[in-house]
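Participant: Encoded as structure tokens, here's the structure I'll be asking about.
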Amino acid sequence: MGMTIAEKILKAHLVDGKMEKGAEIGLKIDQTLTQDATGTMAYLQFEAMGVDQVKTERSVAYIDHNTLQSGFENADDHKYIGTVAKKHGIYYSKAGNGICHQVHLERFGAPGKTLIGSDSHTPTGGGIGMLAFGAGGLDVAVAMGGGAYYIPMPKMVRVNLTGKLQPWVAAKDIILDVLRQMTVKGGVGKIVEYAGEGVATLSVPERATITNMGAELGATTSVFPSDEVTKAFLEAQGRGDVYIPLSSDPDAHYDEEYTVDLNTLAPLAAMPHMPDNVKPVAEIGAIPVNQCCIGSCTNSSYYDMMKVAAILKGKTVHPDVSLTISPGSRQVFDMMAKNGALSDIIAAGARILECACGPCIGMGQSPESAGVSLRTFNRNFEGRSGTQDAQIYLVSPEVAAASALTGVLTDPRTLGEAPVIEMPEHFDINDNLIVKPAEDPASVEVRCGPNIKPFPLGAALEASYSGKIVLKTEDNITTDHILPAGAKLLPYRSNIPYYANYCFINVDPKFPARCQEMGGGIIIGGANYGQGSSREHAALVPLYLGVRAVLAKSFARIHKANLVNSGILPLTFADPADYDKVSLNDSIQLPHIADEIRAGSQVTVTVNGYTFKADCEVSERQRSALLAGGTLNYAKQTAK
Ligand code: MIC
Ligand code: SF4
């Protein structure tokens with residue numbers, strides 16, 4: 001039988017296991033990336049492994065999240081990451097060079113290669129036919145050390161793109177339509193491949209917008225074929241040599257299929273507070289808008305910025321709207337400056353931010369109370385913007401720019417003729433913000449500032465466990481709920497004891513104190529627990545607070561892996577109806593936990609005298625890690 005694109009790349013990188021759906025497979029990883037909000041932990045873990053030089057073909061450390069530097073904390077993290085990178089063979093992309101995913105696509109990504117990144121939007125690389133996964137920092141550390149990256153063998157989904165995008169309709173509308181069809185849980189355990197006649201009509205940045213936001217489907221990753229469009233993009237980046245063609249075989253098998261008809265697609269918006277809460281802009285109507293933010297790793301390419309400049313040229317931003325622009329990379333920024341597009345945007349009254357994540361992760365630009373903000377970003381989870389009651393809508397750059405001019409949510413098709421943007425034949429290439437690893441690594445001294453505290457380590461699993469239920473949550477809890485980010489807290493990503501005071505702060509402010517008082521306990525979760533970001537802090541902080549297990553209806557993929565890595569049991573209700581029988585503060589026992597995990601059998605749970613079963617759906621390797629109290633402990637055991 002023929003193979004899908006993903007199956008071909010998986011097969012070429014398989015180092016462990018069999019490619020049978022659901023079974024765990026180990027993959028050789030060609031490239032890694034980290035960003036600064038997850039990077040410090042990843043490199044501390046890498047250092048703990050005692051590997052001298054990275055074993056990947058290319059590893060890159062980006063500084064793009066914490067660029068506010070409102071205290072010494074961020075700057076110290078950057079110094080640490082810069083020095084550790086230099087010492088261990090890692091390229092270092094300095095603050096100011098751009099958002100990791102955009103820069104990686106431009107300067108390092110290559111079709112057919114595998115990439116893992118300590119950021120959930122790493123699948124952006126699927127826009128040039130890479131198989132790129134978001135992962136926890138520890139998984140990235142292991143891959144840098146030459147270890148395999150493990151995932152359950154995913155199911156294959158094909159999204160057929162028929163027709164051609166009509167004027168004013170964008171790649172963002174394609175992925176919003178896929179989210180509408182599949183939902184934020186629909187992609188869990190699946191790889192999404194794009195196919196059909198519409199593919200050839202989409203540029204690389206448009207494809208990357210779509211694969212980027214595949215993260216919001218919960219998908220393992222998303223991928224486009226590598227074709228003439230990919231080749232032209234790589235050549236324009238001066239990297240034509242890495243091009244290889246890639247497509248699925250005509251008789252490849254897909255487990256699910258969806259269709260998006262580009263001819264009839266209309267501008268869409270994801271309404272508050274979930275990326276799958278999607279409706280046509282025309283149907284939502286002309287709601288007044290306070291803020292429009294254009295940027296983030298989803299929509300900050302040269303192509304996007306040129307569209308925005310053309311829409312704004314010669315016009316003025318509405319007096320009630322604050323419009324911010326953050327180009328995705330220094331390359332984009334510089335090219336806009338040289339060709340005059342930046343001047344058109346400035347003249348229209350936009351506020352120009354640095355090329356970094358910025359408002360997407362709440363680093364400034366929090367909307368006013370109950371404010372309406374249209375963002376070209378990928379997540380509109382409640383509170384993520386830094387304003388708890390803000391109403392965030394996710395839209396295309398066209399919708400954001402059009403609405404910034406009118407002051408109300410606007411279907412750009414009402415504006416007349418749409419701008420037509422050509423992809424450049426040559427991008428401006430200047431890698432002077434990328435620092436190469438040292439030629440003499442021994443001479444590099446790693447600098448570790450006072451905000452960088454050691455990470456917690458789990459303890460071997462006890463024979464039986466007895467404790468309390470310390471929290472009970474609803475469905476779709478995001479890692480932003482578990483551990484908020486934003487300007488006030490991101491500086492403490494390297495300081496778990498301090499960060500712990502903010503765990504679940506917007507869900508139940510008493511949670512950290514309760515854990516401290518009870519010496520930890522067990523969290524009860526709903527469906528899709530831990531969706532969103534790859535931040536392993538959402539596992540490390542609960543570990544620090546003494547959380548032993550999360551018993552949920554289901555988990556998001558990366559968070560589940562992070563729980564196992566830190567030695568927290570990811571349990572699921574065998575009968576979801578039992579979720580309703582347990583409450584906050586109930587006593588909970590796992591009387592035979594170690595034996596059951598060792599045997600791979602169901603787990604016995606007793607809550608207030610009522611006994612039921614839970615599953616622990618993990619691989620044999622993960623079972624051993626859980627017994628040892630986490631992946632690092634397990635690695636140490638096996639190294640002996
Ligand atoms: C995000 O978009 O939530 C982040 C910030 O990029 C995270 C990583 C993090 O929490 O540091 C992600 O998507 O993985
Ligand atoms: Fe940065 Fe936002 Fe992209 Fe996360 S989603 S990497 S915060 S731009």
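Every chain in the structure tokens has a letter given in the order shown (A, B, ...), and although residue numbers restart at 1 in each chain, ligands are simply numbered from 1 in the order shown.
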Throw together the list of residues within 9 Å of ligand 1, counting only C-alpha atoms and all ligand atoms, and drop it here as a VMD selection string.

Facilitator: chain A and resid 35 to 39 65 117 to 122 134 to 136 215 296 to 297 357 360 to 361 378 to 379 384 479 to 480 483 to 486 490 493 532 to 538

Participant: Find the residues near Phe333 of chain A: any atom within 9 Å, counting only C-alpha atoms, skip ones fewer than 6 places away on the same chain, and give them as a ChimeraX atom specification.

Facilitator: /A:302,305,326-327,342,354-355

Participant: Please produce an output containing C-alpha atoms for each residue in the selection, written as a JSON list (two decimals), in the first residue's frame.

Facilitator:
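What landed in again_31.json:
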```json
[["chain", "number", "residue", "atom", "x", "y", "z"],
["A", 302, "TYR", "CA", 6.62, 39.23, 4.66],
["A", 305, "MET", "CA", 2.89, 42.34, 6.31],
["A", 326, "SER", "CA", 4.94, 42.87, 15.14],
["A", 327, "PRO", "CA", 6.80, 41.51, 12.12],
["A", 342, "LEU", "CA", 6.84, 50.03, 6.96],
["A", 354, "GLU", "CA", 9.72, 44.52, 18.00],
["A", 355, "CYS", "CA", 9.78, 41.27, 16.04]]
```

Participant: Please identify the strand (DSSP E) residues within segment 194-262 of chain A (assignment by DSSP from backbone atoms) and present them as a list of chain:residue names.

Facilitator: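 Put together, the selection reads A:Tyr194, A:Ala195, A:Thr221, A:Ser222, A:Val223, A:Glu256, A:Glu257, A:Tyr258, A:Thr259, A:Val260, A:Asp261.
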
Participant: Excluding Val395 of chain A and its own-chain neighbours fewer than 6 positions away, which residues fall within 7 Å of it when counting only C-alpha atoms? Please give them as a compact mmCIF listing (two decimals) with N, CA and C atoms, in the first residue's frame.

Facilitator:
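Written file, around.txt:
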```txt
# COMPACT_ATOMS: atom_id res chain seq x y z
N LYS A 172 -5.54 31.95 6.84
CA LYS A 172 -6.09 31.90 8.20
C LYS A 172 -7.52 31.38 8.18
N LEU A 268 -13.40 34.43 8.19
CA LEU A 268 -13.93 33.83 9.42
C LEU A 268 -13.26 34.47 10.63
N ALA A 269 -13.84 34.23 11.80
CA ALA A 269 -13.22 34.66 13.06
C ALA A 269 -13.48 33.59 14.11
N ALA A 270 -12.47 33.34 14.97
CA ALA A 270 -12.70 32.49 16.15
C ALA A 270 -13.11 33.43 17.26
N LEU A 374 -9.04 42.25 18.10
CA LEU A 374 -8.93 41.33 16.96
C LEU A 374 -7.46 41.02 16.78
N ARG A 375 -7.11 39.75 16.77
CA ARG A 375 -5.70 39.37 16.71
C ARG A 375 -5.47 38.33 15.62
N THR A 376 -4.36 38.45 14.95
CA THR A 376 -4.06 37.47 13.90
C THR A 376 -3.36 36.26 14.49
```

Participant: For Val550 of chain A, please output as a ChimeraX atom specification all residues within 12 Å (counting only C-alpha atoms; exclusion window: fewer than 5 positions along the same chain).

Facilitator: /A:468-473,520-527,529-530,538-539,542-543,555,559-560,562-564,567-573,588,614-616

Participant: Put those residues in a file: C-alpha atoms, as a PDB file, in the first residue's frame.

Facilitator:
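Result saved to selection_22.pdb:
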```
ATOM      1  CA  LYS A 468      -6.760  14.362  48.787  1.00  0.00           C
ATOM      2  CA  ILE A 469      -8.355  15.718  45.650  1.00  0.00           C
ATOM      3  CA  VAL A 470      -6.807  19.167  45.487  1.00  0.00           C
ATOM      4  CA  LEU A 471      -8.638  20.463  42.403  1.00  0.00           C
ATOM      5  CA  LYS A 472     -11.465  19.487  40.070  1.00  0.00           C
ATOM      6  CA  THR A 473     -11.580  21.179  36.654  1.00  0.00           C
ATOM      7  CA  GLY A 520       0.033  17.847  47.427  1.00  0.00           C
ATOM      8  CA  GLY A 521      -2.625  15.450  46.155  1.00  0.00           C
ATOM      9  CA  ILE A 522      -4.460  14.484  42.978  1.00  0.00           C
ATOM     10  CA  ILE A 523      -6.054  16.744  40.333  1.00  0.00           C
ATOM     11  CA  ILE A 524      -9.305  15.730  38.638  1.00  0.00           C
ATOM     12  CA  GLY A 525      -9.511  16.968  35.045  1.00  0.00           C
ATOM     13  CA  GLY A 526     -12.131  16.967  32.294  1.00  0.00           C
ATOM     14  CA  ALA A 527     -11.608  16.171  28.605  1.00  0.00           C
ATOM     15  CA  TYR A 529      -6.754  18.394  29.900  1.00  0.00           C
ATOM     16  CA  GLY A 530      -3.564  20.378  29.231  1.00  0.00           C
ATOM     17  CA  ALA A 538       2.581  22.948  33.665  1.00  0.00           C
ATOM     18  CA  ALA A 539       3.908  19.596  34.913  1.00  0.00           C
ATOM     19  CA  PRO A 542       2.431  20.694  40.022  1.00  0.00           C
ATOM     20  CA  LEU A 543       5.268  18.239  40.712  1.00  0.00           C
ATOM     21  CA  PHE A 555      -5.341  14.508  27.848  1.00  0.00           C
ATOM     22  CA  HIS A 559       1.029  17.767  28.265  1.00  0.00           C
ATOM     23  CA  LYS A 560       0.547  14.042  28.840  1.00  0.00           C
ATOM     24  CA  ASN A 562       5.315  16.226  30.072  1.00  0.00           C
ATOM     25  CA  LEU A 563       3.453  14.681  33.020  1.00  0.00           C
ATOM     26  CA  VAL A 564       5.155  11.337  32.420  1.00  0.00           C
ATOM     27  CA  GLY A 567       6.826  11.454  37.049  1.00  0.00           C
ATOM     28  CA  ILE A 568       3.179  12.530  37.515  1.00  0.00           C
ATOM     29  CA  LEU A 569       0.688   9.760  36.674  1.00  0.00           C
ATOM     30  CA  PRO A 570      -1.652  10.645  33.772  1.00  0.00           C
ATOM     31  CA  LEU A 571      -4.756   8.570  34.574  1.00  0.00           C
ATOM     32  CA  THR A 572      -8.054   8.504  32.698  1.00  0.00           C
ATOM     33  CA  PHE A 573     -11.465   7.455  34.000  1.00  0.00           C
ATOM     34  CA  ILE A 588      -8.436   9.451  47.406  1.00  0.00           C
ATOM     35  CA  ALA A 614      -8.793   4.192  35.850  1.00  0.00           C
ATOM     36  CA  ASP A 615      -6.518   3.601  32.854  1.00  0.00           C
ATOM     37  CA  CYS A 616      -2.928   4.633  32.510  1.00  0.00           C
TER      38      CYS A 616
END
```

Participant: Would you mind listing what lies within 6 Å of Gln589 of chain A as a PyMOL selection string, with only C-alpha atoms counted and same-chain residues fewer than 3 positions away left out?

Facilitator: chain A and resi 465-466+605-606

Participant: Would you output that residue set with N, CA, C and O atoms, as an mmCIF file, in the first residue's frame?

Facilitator:
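What follows is the written file part.cif:
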```cif
data_model
loop_
_atom_site.group_PDB
_atom_site.id
_atom_site.type_symbol
_atom_site.label_atom_id
_atom_site.label_comp_id
_atom_site.auth_asym_id
_atom_site.auth_seq_id
_atom_site.Cartn_x
_atom_site.Cartn_y
_atom_site.Cartn_z
ATOM 1 N N TYR A 465 -0.798 4.816 47.383
ATOM 2 C CA TYR A 465 -0.849 6.269 47.590
ATOM 3 C C TYR A 465 -2.156 6.635 48.271
ATOM 4 O O TYR A 465 -3.216 6.107 47.962
ATOM 5 N N SER A 466 -2.066 7.590 49.171
ATOM 6 C CA SER A 466 -3.265 8.072 49.851
ATOM 7 C C SER A 466 -3.156 9.579 49.995
ATOM 8 O O SER A 466 -2.129 10.093 50.439
ATOM 9 N N VAL A 605 -8.893 2.876 42.010
ATOM 10 C CA VAL A 605 -9.000 4.185 42.673
ATOM 11 C C VAL A 605 -10.122 4.092 43.704
ATOM 12 O O VAL A 605 -11.201 3.575 43.405
ATOM 13 N N THR A 606 -9.866 4.566 44.916
ATOM 14 C CA THR A 606 -10.929 4.614 45.929
ATOM 15 C C THR A 606 -11.104 6.060 46.381
ATOM 16 O O THR A 606 -10.146 6.706 46.785
#
```

Participant: Considering only C-alpha atoms, can you say which of A:Leu433, A:Ala487, A:Ala513, A:Ala500 comes closest to Gly96 of chain A?

Facilitator: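 That would be A:Leu433, the residue with the smallest distance to Gly96 of chain A.
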
Participant: If you count only C-alpha atoms, which residues fall within 10 Å of segment 8-11 of chain A, apart from same-chain ones fewer than 2 positions away, as a ChimeraX atom specification?

Facilitator: /A:2-6,13-15,18-19,25-28,111-114,129-131,153,246-249

Participant: Measuring atom to atom with only C-alpha atoms and all ligand atoms, identify which of A:Val54, A:Ile116, A:Leu202, A:Ala356 is nearest to ligand 2.

Facilitator: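 Among the listed residues, A:Ala356 lies closest to ligand 2.
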
Participant: Which polymer residues have any atom within 12 Å of an atom of Glu462 of chain A, counting only C-alpha atoms, with same-chain residues fewer than 5 positions away left out, as a CSV table (one decimal) with N, CA and C atoms, in the first residue's frame?

Facilitator:
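Below is the file that was written, part_10.csv:
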```csv
chain,number,residue,atom,x,y,z
A,548,ARG,N,0.6,14.1,42.6
A,548,ARG,CA,1.0,12.8,42.3
A,548,ARG,C,0.4,12.2,41.0
A,567,GLY,N,7.2,12.5,36.1
A,567,GLY,CA,6.8,11.5,37.0
A,567,GLY,C,5.4,11.6,37.7
A,569,LEU,N,1.5,10.8,37.4
A,569,LEU,CA,0.7,9.8,36.7
A,569,LEU,C,-0.4,10.4,35.9
A,589,GLN,N,-7.5,7.2,47.3
A,589,GLN,CA,-6.4,6.2,47.5
A,589,GLN,C,-6.1,5.5,46.1
A,590,LEU,N,-4.9,5.2,45.9
A,590,LEU,CA,-4.5,4.3,44.8
A,590,LEU,C,-3.8,3.1,45.5
A,591,PRO,N,-4.5,2.1,46.0
A,591,PRO,CA,-3.9,1.2,46.9
A,591,PRO,C,-2.9,0.3,46.3
A,592,HIS,N,-2.9,0.0,45.0
A,592,HIS,CA,-1.9,-0.9,44.4
A,592,HIS,C,-1.2,-0.3,43.3
A,593,ILE,N,-0.9,1.0,43.4
A,593,ILE,CA,-0.5,1.8,42.2
A,593,ILE,C,0.8,1.2,41.6
A,594,ALA,N,1.8,1.0,42.3
A,594,ALA,CA,3.1,0.6,41.7
A,594,ALA,C,2.9,-0.7,41.0
A,595,ASP,N,2.3,-1.7,41.6
A,595,ASP,CA,2.1,-3.0,41.0
A,595,ASP,C,1.3,-2.9,39.7
A,596,GLU,N,0.3,-2.1,39.8
A,596,GLU,CA,-0.6,-2.0,38.6
A,596,GLU,C,0.1,-1.3,37.4
A,597,ILE,N,0.9,-0.3,37.8
A,597,ILE,CA,1.7,0.4,36.7
A,597,ILE,C,2.7,-0.5,36.1
A,598,ARG,N,3.4,-1.3,37.0
A,598,ARG,CA,4.4,-2.2,36.5
A,598,ARG,C,3.7,-3.3,35.6
A,626,LEU,N,7.6,6.3,34.9
A,626,LEU,CA,6.7,6.6,36.0
A,626,LEU,C,7.1,5.9,37.3
A,627,LEU,N,7.5,4.7,37.1
A,627,LEU,CA,8.0,3.9,38.3
A,627,LEU,C,9.2,4.5,38.9
A,628,ALA,N,10.1,5.1,38.0
A,628,ALA,CA,11.3,5.7,38.5
A,628,ALA,C,11.1,7.1,39.1
A,629,GLY,N,10.0,7.7,38.8
A,629,GLY,CA,9.7,9.1,39.2
A,629,GLY,C,10.1,10.1,38.2
```

Participant: Taking only C-alpha atoms into account, which of A:Gly407, A:Gly328, A:Pro491, A:Gly71 comes nearest Pro288 of chain A?

Facilitator: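 Smallest separation from Pro288 of chain A among the options: A:Gly407.
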
Participant: DSSP on the backbone: which residues in segment 341-556 of chain A end up as helix (DSSP H, G or I)? Give the answer as a PyMOL selection string.

Facilitator: chain A and resi 341-348+358-361+397-406+412-415+441-443+479-482+486-492+496-502+511-518+537-544

Participant: I'd like the interatomic distance between atom CA of Glu57 of chain A and atom CA of Pro441 of chain A, to a tenth of an Å.

Facilitator: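 Atom CA of Glu57 of chain A sits 17.5 Å away from atom CA of Pro441 of chain A.
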
Participant: Between atom CA of Ile352 of chain A and atom CA of Glu382 of chain A, what distance in Å does the model show, to one decimal?

Facilitator: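 Here the two named atoms are 25.1 Å from each other.
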
Participant: Can you measure atom CA of His101 of chain A to atom CA of Lys231 of chain A for me? One decimal in Å is fine.

Facilitator: 18.7 Å
